[in-house]
Each structure stands twice: as C-alpha cells, then as structure tokens.
Amino acid sequence: MFKPVQKQSLTQQVFNQIRDSILNNTYRPGQRLPSERELCDALHINRSSLREALKRLEQARLIEIRHGEGSVVLDFKTTAGFDLLRDMVMPNGELNLLALRSIAEVRTLVTTHMAKLCAQRADKAYIDEICSIAKQIEQLGENSNKQFQNLDFAFHYAMAQASQNLALVLILNSIRDIYFEFQDFFEPMFSSARQEPAIYLKIAEAIRKKDANKAAKLTEKLVETGNRLFLDLARQMQETARQ
C-alpha cells in the first residue's frame with residue numbers, strides 16, 4: 001500500500017502518499033489510518049517526520065488527530081478548502097478530469113463576475129494597468145507562450161484587484177498556485193486567445209467605458225473557449241494513457 005520514501009523531503013513525500021491514499025478512497029471517511037508505528041515501518045521513516053506530515057494533513061483538513069484514537073480520515077468534500085484542488089489535478093501521476101473540470105468551471109464563474117465588478121468599480125490607475133497589459137499581450141510574438149500565459153494571469157489579477165472584492169482576489173490566489181505549478185500543462189488553454197489577442201483590448205475598453213455587461217460577456221468568451229480546448233485535450237490524454 002505504502003512504499004519507502006526517498007531521503008530528501010521526507011515530510012512532503014509522506015504527506016503526498018497519505019494524501020493520495022485518502023483522495024483515491026483507499027482510506028475512507030471515518031476510517032483510522034494505521035498506527036504511527038505501522039506507518040513508520042511501511043514508509044521507512046522516523047516518527048518525527050511522520051508526525052510532521054500528519055500535522056500537515058490535519059491542517060489540510062484531511063484527517064483529525066484524536067488523542068487515544070489515532071488519525072481519523074475526514075470527508076474532504078465537506079471539510080477541505082479550495083487549495084486541495086491543486087493536489088487533485090494529477091494524483092499518483094494520473095489526470096483527474098473531475099478536478100480539472102471543476103477548476104475550469106470556477107475559473108469561468110470567477111473571471112466573468114470579476115470583469116463585471118471591475119468595470120463598475122475600477123479607478124483610473126487600475127484601468128490604465130489593465131489597458132497596458134492588454135497592449136503588451138497584443139504585441140507579443142508567436143514564440144512567447146509562457147510570457148503570454150504570465151500576462152494573461154496578470155491581466156485577470158489586475159481585474160480582480162480592481163473589482164474591490166477580497167474573496168475574488170483570494171480565490172484567484174489559489175488558482176494561481178494551481179496554474180503556475182502546472183503551467184506547461186495548462187498551455188493549450190491559451191491557444192485560441194493567442195490567435196485573437198485583440199480580445200484583451202476589447203475587454204479593457206469595455207472596462208474603461210464602464211460597460212459591465214460587455215466586459216463580462218467578452219471575458220466569458222475568452223475563458224470558456226480556452227477551457228473547452230483544454231478539457232478536450234485532457235480527455236484525449238487520459239484516453240491515450242489508458243490504452
């Protein structure tokens with residue numbers, strides 16, 4: 001079930017193995033994990049490293065450490081936070097289409113409403129920043145994939161800040177952590193936008209004119225097109241991996 005870990009980053013490797021065992025339902029809600037002694041023997045680690053990993057699992061709300069009872073698995077669907085999606089993208093090296101689709105759907109909801117609020121609330125400084133980023137995107141060459149992705153995130157992050165909605169900014173912070181950890185993997189999401197970079201200028205112009213509905217519709221079009229292309233490719237990759 002568990003396998004010995006390498007000497008580097010012991011805590012992270014232990015955390016990853018136990019986390020994945022919970023996410024793939026090897027251990028279900030309400031079950032106890034093996035005792036500390038059993039885990040140490042299976043993972044070939046000392047008790048100090050194990051306890052540090054268990055503490056992180058508890059902080060992630062995947063387990064509850066109960067004195068005298070051991071570590072009890074929680075139902076992460078009712079206890080964990082949005083950040084857990086980062087760990088669900090590719091557990092055990094396999095694509096999780098449910099997690100990818102969930103991230104894509106949240107991305108559409110968040111960015112669309114964010115653009116609407118931005119158009120309603122952005123001050124001149126933020127409008128100037130958004131317009132400046134849009135112009136940089138339009139001027140990029142064809143061989144600037146990562147720079148395009150970085151500017152795309154900067155564009156949306158500026159809108160989030162300009163929306164004056166703290167919850168949206170915090171959600172985007174979590175999306176950023178997921179996105180940049182798998183940046184190469186998410187690159188196909190931007191293939192359509194790279195062919196029509198003027199859409200960023202159109203969104204910026206709608207924001208400048210305080211046209212909230214137009215800004216939201218254009219942003220939804222931009223994000224949804226990328227999501228569809230990306231999820232189609234992810235399904236193909238999963239099917240290929242299973243053959």
# chains A, B, ... in the order shown; residues from 1 in each chain; ligands from 1
>>> residues_around(residues="Leu229 (chain A)", least_positions_apart="2", cutoff="12 Å", atoms="only C-alpha atoms", output="PDB file with N, CA and C atoms, in the first residue's frame")
ATOM      1  N   ARG A 101     -12.108  19.780 -14.571  1.00  0.00           N
ATOM      2  CA  ARG A 101     -13.367  20.413 -14.970  1.00  0.00           C
ATOM      3  C   ARG A 101     -13.856  21.388 -13.892  1.00  0.00           C
ATOM      4  N   ALA A 104     -11.872  24.559 -14.135  1.00  0.00           N
ATOM      5  CA  ALA A 104     -12.273  25.319 -15.323  1.00  0.00           C
ATOM      6  C   ALA A 104     -13.598  26.035 -15.097  1.00  0.00           C
ATOM      7  N   PHE A 186      -1.096  23.537 -18.682  1.00  0.00           N
ATOM      8  CA  PHE A 186      -2.242  24.383 -18.997  1.00  0.00           C
ATOM      9  C   PHE A 186      -2.057  25.223 -20.265  1.00  0.00           C
ATOM     10  N   GLU A 187      -0.895  25.119 -20.898  1.00  0.00           N
ATOM     11  CA  GLU A 187      -0.604  25.947 -22.073  1.00  0.00           C
ATOM     12  C   GLU A 187      -1.655  25.857 -23.182  1.00  0.00           C
ATOM     13  N   PRO A 188      -2.213  24.660 -23.485  1.00  0.00           N
ATOM     14  CA  PRO A 188      -3.216  24.583 -24.555  1.00  0.00           C
ATOM     15  C   PRO A 188      -4.462  25.441 -24.294  1.00  0.00           C
ATOM     16  N   MET A 189      -4.679  25.808 -23.051  1.00  0.00           N
ATOM     17  CA  MET A 189      -5.828  26.639 -22.707  1.00  0.00           C
ATOM     18  C   MET A 189      -5.767  27.997 -23.398  1.00  0.00           C
ATOM     19  N   PHE A 190      -4.583  28.397 -23.843  1.00  0.00           N
ATOM     20  CA  PHE A 190      -4.409  29.742 -24.388  1.00  0.00           C
ATOM     21  C   PHE A 190      -4.170  29.756 -25.894  1.00  0.00           C
ATOM     22  N   SER A 191      -4.288  28.594 -26.541  1.00  0.00           N
ATOM     23  CA  SER A 191      -4.014  28.535 -27.975  1.00  0.00           C
ATOM     24  C   SER A 191      -4.979  29.404 -28.771  1.00  0.00           C
ATOM     25  N   SER A 192      -6.249  29.429 -28.380  1.00  0.00           N
ATOM     26  CA  SER A 192      -7.239  30.247 -29.083  1.00  0.00           C
ATOM     27  C   SER A 192      -7.001  31.733 -28.837  1.00  0.00           C
ATOM     28  N   ALA A 193      -6.735  32.094 -27.581  1.00  0.00           N
ATOM     29  CA  ALA A 193      -6.514  33.502 -27.234  1.00  0.00           C
ATOM     30  C   ALA A 193      -5.297  34.064 -27.950  1.00  0.00           C
ATOM     31  N   LEU A 222     -13.667  34.529 -23.742  1.00  0.00           N
ATOM     32  CA  LEU A 222     -12.233  34.261 -23.699  1.00  0.00           C
ATOM     33  C   LEU A 222     -11.930  33.018 -22.864  1.00  0.00           C
ATOM     34  N   VAL A 223     -12.486  32.958 -21.672  1.00  0.00           N
ATOM     35  CA  VAL A 223     -12.173  31.886 -20.738  1.00  0.00           C
ATOM     36  C   VAL A 223     -12.821  30.565 -21.152  1.00  0.00           C
ATOM     37  N   GLU A 224     -14.084  30.609 -21.565  1.00  0.00           N
ATOM     38  CA  GLU A 224     -14.796  29.393 -21.930  1.00  0.00           C
ATOM     39  C   GLU A 224     -14.164  28.700 -23.148  1.00  0.00           C
ATOM     40  N   THR A 225     -13.734  29.493 -24.120  1.00  0.00           N
ATOM     41  CA  THR A 225     -13.085  28.905 -25.304  1.00  0.00           C
ATOM     42  C   THR A 225     -11.816  28.163 -24.902  1.00  0.00           C
ATOM     43  N   GLY A 226     -11.020  28.783 -24.047  1.00  0.00           N
ATOM     44  CA  GLY A 226      -9.795  28.134 -23.571  1.00  0.00           C
ATOM     45  C   GLY A 226     -10.083  26.896 -22.748  1.00  0.00           C
ATOM     46  N   ASN A 227     -11.088  26.982 -21.883  1.00  0.00           N
ATOM     47  CA  ASN A 227     -11.456  25.822 -21.067  1.00  0.00           C
ATOM     48  C   ASN A 227     -11.862  24.637 -21.932  1.00  0.00           C
ATOM     49  N   LEU A 231      -9.929  21.064 -21.881  1.00  0.00           N
ATOM     50  CA  LEU A 231     -10.577  19.862 -21.372  1.00  0.00           C
ATOM     51  C   LEU A 231     -10.684  18.784 -22.447  1.00  0.00           C
ATOM     52  N   ASP A 232     -10.889  19.198 -23.686  1.00  0.00           N
ATOM     53  CA  ASP A 232     -10.911  18.220 -24.784  1.00  0.00           C
ATOM     54  C   ASP A 232      -9.568  17.517 -24.894  1.00  0.00           C
ATOM     55  N   LEU A 233      -8.493  18.290 -24.798  1.00  0.00           N
ATOM     56  CA  LEU A 233      -7.154  17.707 -24.876  1.00  0.00           C
ATOM     57  C   LEU A 233      -6.880  16.812 -23.669  1.00  0.00           C
ATOM     58  N   ALA A 234      -7.322  17.236 -22.481  1.00  0.00           N
ATOM     59  CA  ALA A 234      -7.116  16.442 -21.273  1.00  0.00           C
ATOM     60  C   ALA A 234      -7.816  15.092 -21.386  1.00  0.00           C
ATOM     61  N   ARG A 235      -9.016  15.077 -21.967  1.00  0.00           N
ATOM     62  CA  ARG A 235      -9.747  13.810 -22.164  1.00  0.00           C
ATOM     63  C   ARG A 235      -8.984  12.895 -23.124  1.00  0.00           C
ATOM     64  N   GLN A 236      -8.446  13.498 -24.179  1.00  0.00           N
ATOM     65  CA  GLN A 236      -7.661  12.705 -25.131  1.00  0.00           C
ATOM     66  C   GLN A 236      -6.417  12.118 -24.467  1.00  0.00           C
TER      67      GLN A 236
END
>>> closest_atom_pairs(of="region 86-131 of chain A", to="region 162-185 of chain A", cutoff="6 Å", atoms="only C-alpha atoms", output="CSV")
residue,atom,partner,partner_atom,distance
A:Arg86,CA,A:Ile178,CA,5.0
A:Leu117,CA,A:Ser163,CA,4.9
A:Cys118,CA,A:Ser163,CA,4.1
A:Arg121,CA,A:Ser163,CA,5.9
A:Ala122,CA,A:Ala162,CA,4.8
A:Tyr126,CA,A:Ala162,CA,6.0
>>> residues_around(residues="Ser102 (chain A)", least_positions_apart="5", cutoff="12 Å", atoms="only C-alpha atoms", output="PDB file with C-alpha atoms, in the first residue's frame")
ATOM      1  CA  PHE A  82     -10.276  25.171  -2.418  1.00  0.00           C
ATOM      2  CA  LEU A  84      -6.929  20.961  -2.166  1.00  0.00           C
ATOM      3  CA  LEU A  85      -7.823  21.040  -5.870  1.00  0.00           C
ATOM      4  CA  ARG A  86      -4.142  21.637  -6.613  1.00  0.00           C
ATOM      5  CA  MET A  88      -6.208  16.574  -7.016  1.00  0.00           C
ATOM      6  CA  VAL A  89      -5.142  17.608 -10.532  1.00  0.00           C
ATOM      7  CA  ASN A  96      -8.266  13.770 -12.578  1.00  0.00           C
ATOM      8  CA  LEU A  97     -10.811  15.114 -15.068  1.00  0.00           C
ATOM      9  CA  ARG A 107     -12.396  29.929 -13.492  1.00  0.00           C
ATOM     10  CA  THR A 108     -15.299  30.915 -15.760  1.00  0.00           C
ATOM     11  CA  LEU A 109     -17.577  31.932 -12.888  1.00  0.00           C
ATOM     12  CA  ILE A 175      -5.996  29.368  -8.835  1.00  0.00           C
ATOM     13  CA  ASN A 227     -11.456  25.822 -21.067  1.00  0.00           C
ATOM     14  CA  LEU A 231     -10.577  19.862 -21.372  1.00  0.00           C
TER      15      LEU A 231
END
>>> closest_residue(among="A:Ala160, A:Ile22, A:Leu100, A:Ala134", to="His113 (chain A)", atoms="only C-alpha atoms")
A:Ala160
>>> select_by_dssp(residues="region 16-138 of chain A", states="helix (DSSP H, G or I)", output="number ranges by chain")
A: 16-23, 36-43, 47-59, 76-79, 84-88, 91-93, 97-121, 124-138
>>> closest_atom_pairs(of="region 77-177 of chain A", to="region 203-211 of chain A", cutoff="6 Å", atoms="only C-alpha atoms", output="tab-separated table")
residue	atom	partner	partner_atom	distance
A:Ala119	CA	A:Ile207	CA	4.2
A:Gln120	CA	A:Lys210	CA	5.7
A:Cys131	CA	A:Ala204	CA	5.4
>>> write_last_selection(atoms="C-alpha atoms", output="PDB file, in the first residue's frame")
ATOM      1  CA  ALA A 119     -15.998  47.613 -14.972  1.00  0.00           C
ATOM      2  CA  GLN A 120     -18.233  49.009 -12.254  1.00  0.00           C
ATOM      3  CA  CYS A 131      -5.090  48.573 -20.729  1.00  0.00           C
TER       4      CYS A 131
END
>>> residues_around(residues="region 45-47 of chain A", least_positions_apart="2", cutoff="8 Å", atoms="only C-alpha atoms", output="PyMOL selection string")
chain A and resi 4-5+10+36-37+40-41+43+49-51
>>> write_last_selection(atoms="C-alpha atoms", output="PDB file, in the first residue's frame")
ATOM      1  CA  PRO A   4       9.535   3.539   1.233  1.00  0.00           C
ATOM      2  CA  VAL A   5      10.276   7.207   0.628  1.00  0.00           C
ATOM      3  CA  LEU A  10      10.648  13.164   3.734  1.00  0.00           C
ATOM      4  CA  GLU A  36       2.307   5.590  13.853  1.00  0.00           C
ATOM      5  CA  ARG A  37       4.491   2.527  14.323  1.00  0.00           C
ATOM      6  CA  CYS A  40       6.895   4.390  10.144  1.00  0.00           C
ATOM      7  CA  ASP A  41       7.697   0.768   9.309  1.00  0.00           C
ATOM      8  CA  LEU A  43       7.385   4.234   4.903  1.00  0.00           C
ATOM      9  CA  SER A  49       8.937  13.063  10.104  1.00  0.00           C
ATOM     10  CA  LEU A  50       5.659  11.149  10.229  1.00  0.00           C
ATOM     11  CA  ARG A  51       4.149  13.401  12.881  1.00  0.00           C
TER      12      ARG A  51
END
>>> atom_distance(atom1="CA of Arg194 (chain A)", atom2="CA of Ser132 (chain A)")
17.0 Å
>>> closest_residue(among="A:Leu33, A:Val106, A:Leu23, A:Leu140", to="Asp87 (chain A)", atoms="only C-alpha atoms")
A:Leu23
>>> closest_residue(among="A:Met90, A:Ala216, A:Val14, A:Leu74", to="Arg56 (chain A)", atoms="only C-alpha atoms")
A:Val14
